[in-house]
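final-v7.tsv follows; it contains TSV, C-alpha atoms.
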```
chain	number	residue	atom	x	y	z
N	1	MET	CA	21.71	-60.22	31.87
N	2	TYR	CA	23.41	-58.06	34.51
N	3	ASN	CA	26.85	-57.62	35.97
N	4	VAL	CA	27.71	-59.55	39.09
N	5	ILE	CA	27.76	-57.16	42.01
N	6	THR	CA	30.57	-57.63	44.48
N	7	ALA	CA	31.40	-55.87	47.70
N	8	SER	CA	34.60	-54.62	46.11
N	9	ASN	CA	32.85	-52.58	43.39
N	10	LEU	CA	29.73	-51.46	45.27
N	11	THR	CA	28.21	-51.75	48.71
N	12	LEU	CA	25.19	-50.27	50.41
N	13	GLY	CA	27.74	-48.03	52.03
N	14	ASN	CA	26.66	-44.72	53.49
N	15	ILE	CA	23.27	-44.71	51.75
N	16	THR	CA	20.89	-47.29	53.21
N	17	CYS	CA	22.79	-48.32	56.32
N	18	LYS	CA	23.27	-44.77	57.51
N	19	LYS	CA	19.63	-44.00	56.81
N	20	MET	CA	18.64	-46.99	58.90
N	21	GLU	CA	20.81	-45.77	61.73
N	22	ASN	CA	19.36	-42.27	61.52
N	23	SER	CA	15.80	-43.61	61.49
N	24	LYS	CA	16.41	-44.93	65.02
N	25	GLU	CA	17.26	-41.54	66.43
N	26	ASP	CA	14.68	-39.61	68.40
N	27	TYR	CA	13.18	-36.83	66.34
N	28	LYS	CA	13.67	-33.54	68.14
N	29	ILE	CA	10.40	-31.65	68.35
N	30	GLN	CA	12.42	-28.44	68.55
N	31	SER	CA	13.16	-28.68	64.84
N	32	LEU	CA	9.47	-28.10	64.00
N	33	ASP	CA	8.05	-24.64	63.47
N	34	LEU	CA	7.05	-22.84	66.65
N	35	GLU	CA	3.31	-23.14	66.10
N	36	THR	CA	3.54	-26.91	65.61
N	37	GLN	CA	5.81	-27.24	68.62
N	38	LYS	CA	3.33	-25.36	70.77
N	39	LEU	CA	0.35	-27.41	69.59
N	40	LEU	CA	2.03	-30.76	70.22
N	41	LYS	CA	3.47	-29.74	73.58
N	42	THR	CA	0.08	-28.37	74.69
N	43	ALA	CA	-1.67	-31.55	73.61
N	44	LEU	CA	0.81	-33.83	75.39
N	45	LYS	CA	0.67	-31.71	78.55
N	46	ALA	CA	-3.14	-31.59	78.58
N	47	LEU	CA	-3.41	-35.33	78.02
N	48	SER	CA	-1.18	-35.90	81.02
N	49	LEU	CA	-3.70	-34.14	83.27
N	50	PRO	CA	-6.95	-36.01	84.03
N	51	SER	CA	-9.02	-32.82	84.04
N	52	GLU	CA	-7.83	-31.36	80.76
N	53	PRO	CA	-7.88	-33.84	77.81
N	54	SER	CA	-11.22	-32.45	76.60
N	55	THR	CA	-9.56	-29.07	75.95
N	56	VAL	CA	-7.33	-30.55	73.22
N	57	ASP	CA	-8.44	-30.45	69.60
N	58	LEU	CA	-7.22	-33.94	68.75
N	59	GLU	CA	-8.47	-33.77	65.18
N	60	LYS	CA	-6.27	-30.73	64.61
N	61	VAL	CA	-3.35	-32.48	66.28
N	62	SER	CA	-3.69	-35.54	64.05
N	63	ASN	CA	-3.88	-33.36	60.94
N	64	VAL	CA	-0.78	-31.42	61.95
N	65	ILE	CA	1.16	-34.64	62.49
N	66	VAL	CA	0.11	-36.03	59.10
N	67	ASP	CA	0.82	-32.73	57.32
N	68	GLN	CA	4.27	-32.50	58.88
N	69	SER	CA	5.01	-36.14	58.03
N	70	LEU	CA	4.18	-35.62	54.37
N	71	LYS	CA	6.70	-32.81	53.98
N	72	ASP	CA	9.44	-33.84	56.41
N	73	GLN	CA	11.11	-37.20	55.76
N	74	VAL	CA	12.89	-37.25	59.12
N	75	PHE	CA	9.67	-36.53	61.00
N	76	SER	CA	7.81	-39.21	59.03
N	77	LYS	CA	10.23	-41.80	60.42
N	78	GLU	CA	9.51	-40.86	64.02
N	79	ALA	CA	5.92	-39.59	64.00
N	80	GLY	CA	4.55	-43.01	64.91
N	81	ARG	CA	6.17	-42.66	68.31
N	82	ILE	CA	4.35	-39.37	68.91
N	83	CYS	CA	1.08	-40.91	67.72
N	84	TYR	CA	1.58	-43.83	70.09
N	85	THR	CA	2.18	-41.47	73.02
N	86	ILE	CA	-1.00	-39.50	72.31
N	87	VAL	CA	-3.12	-42.63	71.77
N	88	GLN	CA	-1.89	-44.14	75.05
N	89	ALA	CA	-2.47	-40.92	76.99
N	90	GLU	CA	-5.99	-40.45	75.64
N	91	ALA	CA	-6.95	-44.06	76.35
N	92	LYS	CA	-5.52	-43.90	79.86
N	93	HIS	CA	-7.52	-40.86	80.93
N	94	ASN	CA	-10.91	-41.30	79.31
N	95	ASN	CA	-10.73	-44.52	77.32
N	96	GLY	CA	-11.17	-42.37	74.20
N	97	ASN	CA	-10.03	-42.94	70.65
N	98	VAL	CA	-10.70	-39.55	69.04
N	99	PHE	CA	-7.09	-39.08	68.01
N	100	ARG	CA	-6.69	-42.59	66.61
N	101	ARG	CA	-9.98	-42.38	64.71
N	102	ASN	CA	-9.05	-39.06	63.11
N	103	LEU	CA	-5.55	-40.29	62.34
N	104	LEU	CA	-6.88	-43.39	60.57
N	105	ASN	CA	-9.45	-41.33	58.67
N	106	ARG	CA	-6.74	-38.99	57.44
N	107	LEU	CA	-4.49	-41.91	56.50
N	108	GLN	CA	-7.37	-43.38	54.51
N	109	LEU	CA	-7.78	-40.14	52.57
N	110	GLU	CA	-4.07	-39.97	51.81
N	111	PHE	CA	-4.04	-43.64	50.85
N	112	VAL	CA	-6.86	-43.17	48.33
N	113	ALA	CA	-4.94	-40.28	46.76
N	114	ARG	CA	-1.58	-42.07	46.79
N	115	GLU	CA	-1.11	-42.33	43.02
N	116	ASP	CA	-1.87	-38.64	42.53
N	117	THR	CA	0.56	-37.88	45.35
N	118	ARG	CA	3.28	-39.93	43.69
N	119	LEU	CA	2.79	-38.19	40.36
N	120	ARG	CA	2.77	-34.76	42.01
N	121	SER	CA	5.67	-35.23	44.40
N	122	LEU	CA	7.88	-38.28	44.75
N	123	GLN	CA	9.22	-36.94	48.04
N	124	GLU	CA	5.72	-36.60	49.50
N	125	TRP	CA	4.86	-40.12	48.32
N	126	VAL	CA	7.95	-41.58	49.98
N	127	CYS	CA	7.15	-39.63	53.15
N	128	PHE	CA	3.62	-41.01	53.17
N	129	VAL	CA	4.80	-44.60	52.82
N	130	THR	CA	7.36	-44.05	55.57
N	131	PHE	CA	4.74	-42.51	57.84
N	132	ILE	CA	2.05	-45.16	57.39
N	133	CYS	CA	4.63	-47.90	57.98
N	134	ASN	CA	5.84	-46.07	61.09
N	135	VAL	CA	2.29	-45.82	62.42
N	136	PHE	CA	1.79	-49.54	61.68
N	137	ASP	CA	4.96	-50.27	63.65
N	138	TYR	CA	3.94	-48.32	66.75
N	139	LEU	CA	0.17	-48.50	67.07
N	140	LYS	CA	-1.01	-51.87	68.37
N	141	VAL	CA	-4.30	-53.36	69.53
N	142	ASN	CA	-3.82	-55.95	72.26
N	143	ASN	CA	-0.13	-56.03	71.35
N	144	MET	CA	-0.96	-56.88	67.74
N	145	PRO	CA	-0.60	-54.68	64.64
N	146	MET	CA	-3.76	-52.87	63.59
N	147	VAL	CA	-5.58	-55.03	61.05
N	148	ALA	CA	-7.01	-51.94	59.35
N	149	LEU	CA	-3.50	-50.91	58.28
N	150	VAL	CA	-2.23	-54.26	57.00
N	151	HIS	CA	-3.62	-54.14	53.45
N	152	PRO	CA	-2.99	-50.41	52.91
N	153	VAL	CA	0.64	-50.89	53.97
N	154	PHE	CA	0.98	-53.91	51.68
N	155	ASP	CA	-0.59	-51.97	48.80
N	156	CYS	CA	1.94	-49.16	49.26
N	157	LEU	CA	4.84	-51.61	49.30
N	158	LEU	CA	3.47	-53.46	46.28
N	159	ARG	CA	3.35	-50.12	44.45
N	160	LEU	CA	6.99	-49.56	45.29
N	161	ALA	CA	7.75	-52.97	43.75
N	162	GLN	CA	6.34	-52.05	40.33
N	163	PRO	CA	8.81	-51.66	37.44
N	164	ASP	CA	8.64	-47.86	37.27
N	165	SER	CA	9.32	-47.57	41.00
N	166	LEU	CA	12.17	-50.08	40.89
N	167	ASN	CA	13.84	-47.77	38.39
N	168	ASN	CA	13.88	-45.04	41.04
N	169	GLU	CA	16.51	-45.52	43.75
N	170	GLU	CA	14.63	-43.32	46.22
N	171	GLU	CA	11.60	-45.59	46.06
N	172	VAL	CA	13.68	-48.77	46.22
N	173	ASP	CA	15.51	-47.40	49.24
N	174	CYS	CA	12.19	-46.55	50.91
N	175	LEU	CA	10.85	-50.04	50.20
N	176	VAL	CA	13.90	-51.77	51.64
N	177	LEU	CA	13.92	-49.58	54.75
N	178	GLN	CA	10.26	-50.34	55.48
N	179	LEU	CA	10.77	-54.08	55.01
N	180	HIS	CA	13.72	-54.00	57.39
N	181	ARG	CA	11.52	-52.30	59.94
N	182	ILE	CA	8.17	-54.10	59.65
N	183	GLY	CA	8.62	-56.97	57.19
N	184	ASP	CA	8.54	-59.63	59.89
N	185	GLN	CA	5.35	-58.19	61.42
N	186	LEU	CA	3.66	-57.93	58.03
N	187	GLU	CA	4.49	-61.49	57.06
N	188	LYS	CA	2.89	-62.78	60.26
N	189	MET	CA	-0.27	-60.88	59.35
N	190	ASP	CA	-0.46	-62.03	55.72
N	191	GLY	CA	2.19	-64.40	54.42
N	192	GLN	CA	0.51	-64.74	51.03
N	193	LYS	CA	0.73	-61.00	50.40
N	194	MET	CA	4.37	-61.03	51.43
N	195	ASP	CA	5.03	-63.85	48.96
N	196	GLU	CA	3.35	-61.77	46.25
N	197	LEU	CA	5.54	-58.80	47.10
N	198	PHE	CA	8.74	-60.82	47.02
N	199	TYR	CA	7.83	-62.48	43.72
N	200	LEU	CA	7.80	-58.97	42.26
N	201	LEU	CA	11.12	-58.10	43.89
N	202	ARG	CA	12.73	-61.33	42.72
N	203	ASP	CA	11.49	-60.86	39.16
N	204	GLY	CA	12.56	-57.22	39.20
N	205	PHE	CA	16.04	-58.18	40.35
N	206	LEU	CA	16.43	-60.99	37.82
N	207	LEU	CA	14.54	-59.73	34.80
N	208	GLN	CA	14.11	-55.99	34.78
N	209	GLU	CA	16.46	-54.09	32.52
N	210	GLY	CA	17.73	-50.65	33.33
N	211	LEU	CA	18.01	-51.04	37.11
N	212	SER	CA	20.88	-49.12	38.63
N	213	SER	CA	23.63	-51.07	40.37
N	214	MET	CA	22.51	-49.65	43.71
N	215	ALA	CA	18.90	-50.70	43.14
N	216	ARG	CA	20.07	-54.22	42.29
N	217	LEU	CA	22.16	-54.39	45.43
N	218	LEU	CA	19.29	-53.14	47.57
N	219	LEU	CA	16.98	-55.77	46.09
N	220	LEU	CA	19.55	-58.53	46.51
N	221	GLU	CA	20.06	-57.57	50.14
N	222	ILE	CA	16.35	-57.58	51.00
N	223	LEU	CA	15.81	-60.89	49.21
N	224	GLU	CA	18.56	-62.41	51.31
N	225	PHE	CA	17.29	-60.64	54.43
N	226	ARG	CA	13.88	-62.32	54.20
N	227	ALA	CA	15.36	-65.68	53.17
N	228	GLY	CA	17.42	-65.56	56.36
N	229	GLY	CA	14.33	-65.16	58.55
N	230	TRP	CA	14.37	-61.35	58.48
N	231	MET	CA	18.00	-61.14	59.50
N	232	LEU	CA	21.39	-61.22	57.85
N	233	SER	CA	24.16	-63.63	58.70
N	234	ASP	CA	27.42	-62.14	59.90
N	235	THR	CA	28.95	-62.96	56.52
N	236	ALA	CA	26.15	-61.22	54.64
N	237	GLN	CA	26.31	-58.25	56.99
N	238	LYS	CA	30.01	-57.83	56.24
N	239	TYR	CA	29.37	-58.26	52.51
N	240	TYR	CA	26.70	-55.57	52.25
N	241	TYR	CA	28.09	-53.10	54.75
N	242	SER	CA	31.83	-53.70	54.45
N	243	GLU	CA	32.59	-50.10	53.51
N	244	VAL	CA	30.36	-48.42	56.07
N	245	THR	CA	32.37	-46.27	58.41
N	246	ASP	CA	31.37	-44.78	61.70
```
Take the structure from the file and write it as structure tokens.
Amino acid sequence: MYNVITASNLTLGNITCKKMENSKEDYKIQSLDLETQKLLKTALKALSLPSEPSTVDLEKVSNVIVDQSLKDQVFSKEAGRICYTIVQAEAKHNNGNVFRRNLLNRLQLEFVAREDTRLRSLQEWVCFVTFICNVFDYLKVNNMPMVALVHPVFDCLLRLAQPDSLNNEEEVDCLVLQLHRIGDQLEKMDGQKMDELFYLLRDGFLLQEGLSSMARLLLLEILEFRAGGWMLSDTAQKYYYSEVTD
């Protein structure tokens, strides 16, 4: 049905592992355009002063962050941290939730339009999935993930597990990266949905024809990752990343 994949003929190598490493780096706000830099810096400064939060247009700030995330894959991996900082600052000074409300409203709009986005621009679709998963990872309520985001995040990941997406390495890579980051949290929120997702991944790995060797390896790795309690054994780590260099 498919060739056995061994570490000697193919590994995750410098593709997924390096992306995972890069996703942990702080995103430098200086790489944004000057107008966006100024807006975010002004917002963060104002929110740090008790007398000034009301001067910040938090709806505009949330829209700028979403817009930037949809066109910049690096930013989409780190934007959740910025969102968290703004949410915490606003809550601390006036117990407000204007930013969070506008952010969730905008995410809802983008979520509804997700299939159109995917058809129009695969890069924008991958950025959106990365961003919503990043927001899910950072924004908590009473130290728990936001319930409002659980099903939208699952729906995005389930879309990435469909046959047409599994035939696209960029989407498979996105799916695996998100599951590495938030899979454990998601499973605690809805184990049944996670089972449904992994049934699709298992069937795709075993039954779907036309998958690239890299896509098969990515799927095999994430199947083993979950089976191991959302971690890889030392042996598996060496198997999948044996050719990764510093």
Met144 (chain N): which residues within 10 Å, counting all atoms listed in the file, same-chain residues fewer than 6 positions away excluded, as a list of chain:residue names? N:Phe136, N:Asp137, N:Tyr138, N:Gln185, N:Met189
Between CA of Ala236 (chain N) and CA of Glu221 (chain N), what is the distance in Å, rounded to a tenth?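 Here the two named atoms are 8.4 Å from each other.
Checking N:Thr85, N:Asn105, N:Asn63, N:Asn168 one by one against Gln123 (chain N), counting all atoms listed in the file, you find the shortest gap at N:Asn168.
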Could you work out how far CA of Ser69 (chain N) lies from CA of Leu40 (chain N), giving the answer in Å with one decimal? 13.7 Å
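Proximity to Val141 (chain N) was assessed for N:Asn97, N:Thr117, N:Ser165, N:Thr42 counting all atoms listed in the file; the smallest distance is recorded for N:Asn97.
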Using only C-alpha atoms, which of the listed residues (N:Leu223, N:Asp190, N:Glu110, N:Asp184) sits closest to Cys156 (chain N)?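 When distances to Cys156 (chain N) are compared using only C-alpha atoms, the smallest one comes from N:Glu110.
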Gap from CA of Asn167 (chain N) to CA of Val126 (chain N) - Å, one decimal: 14.4 Å
If we count only C-alpha atoms, what is near Gly210 (chain N) at a cut-off of 10 Å, once residues fewer than 6 positions away on the same chain are taken out, given as an mmCIF file with C-alpha atoms, in the frame of the given file?
```cif
data_model
loop_
_atom_site.group_PDB
_atom_site.id
_atom_site.type_symbol
_atom_site.label_atom_id
_atom_site.label_comp_id
_atom_site.auth_asym_id
_atom_site.auth_seq_id
_atom_site.Cartn_x
_atom_site.Cartn_y
_atom_site.Cartn_z
ATOM 1 C CA TYR N 2 23.410 -58.060 34.510
ATOM 2 C CA PRO N 163 8.810 -51.660 37.440
ATOM 3 C CA LEU N 166 12.170 -50.080 40.890
ATOM 4 C CA ASN N 167 13.840 -47.770 38.390
ATOM 5 C CA ARG N 216 20.070 -54.220 42.290
#
```
Which of N:Met194, N:Leu119, N:Leu186, N:Leu200 sits closest to Ala161 (chain N) [using all atoms listed in the file]: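 Closest to Ala161 (chain N), using all atoms listed in the file: N:Leu200.
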Just checking: using all atoms listed in the file, which residue out of N:Arg81, N:Arg100, N:Arg118, N:Lys193 ends up closest to Glu171 (chain N)?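 Ranking N:Arg81, N:Arg100, N:Arg118, N:Lys193 by distance to Glu171 (chain N), first place goes to N:Arg118.
Proximity ranking of N:Leu34, N:Leu220, N:Phe75, N:Glu90 relative to Val56 (chain N) places N:Glu90 first, based on all atoms listed in the file.
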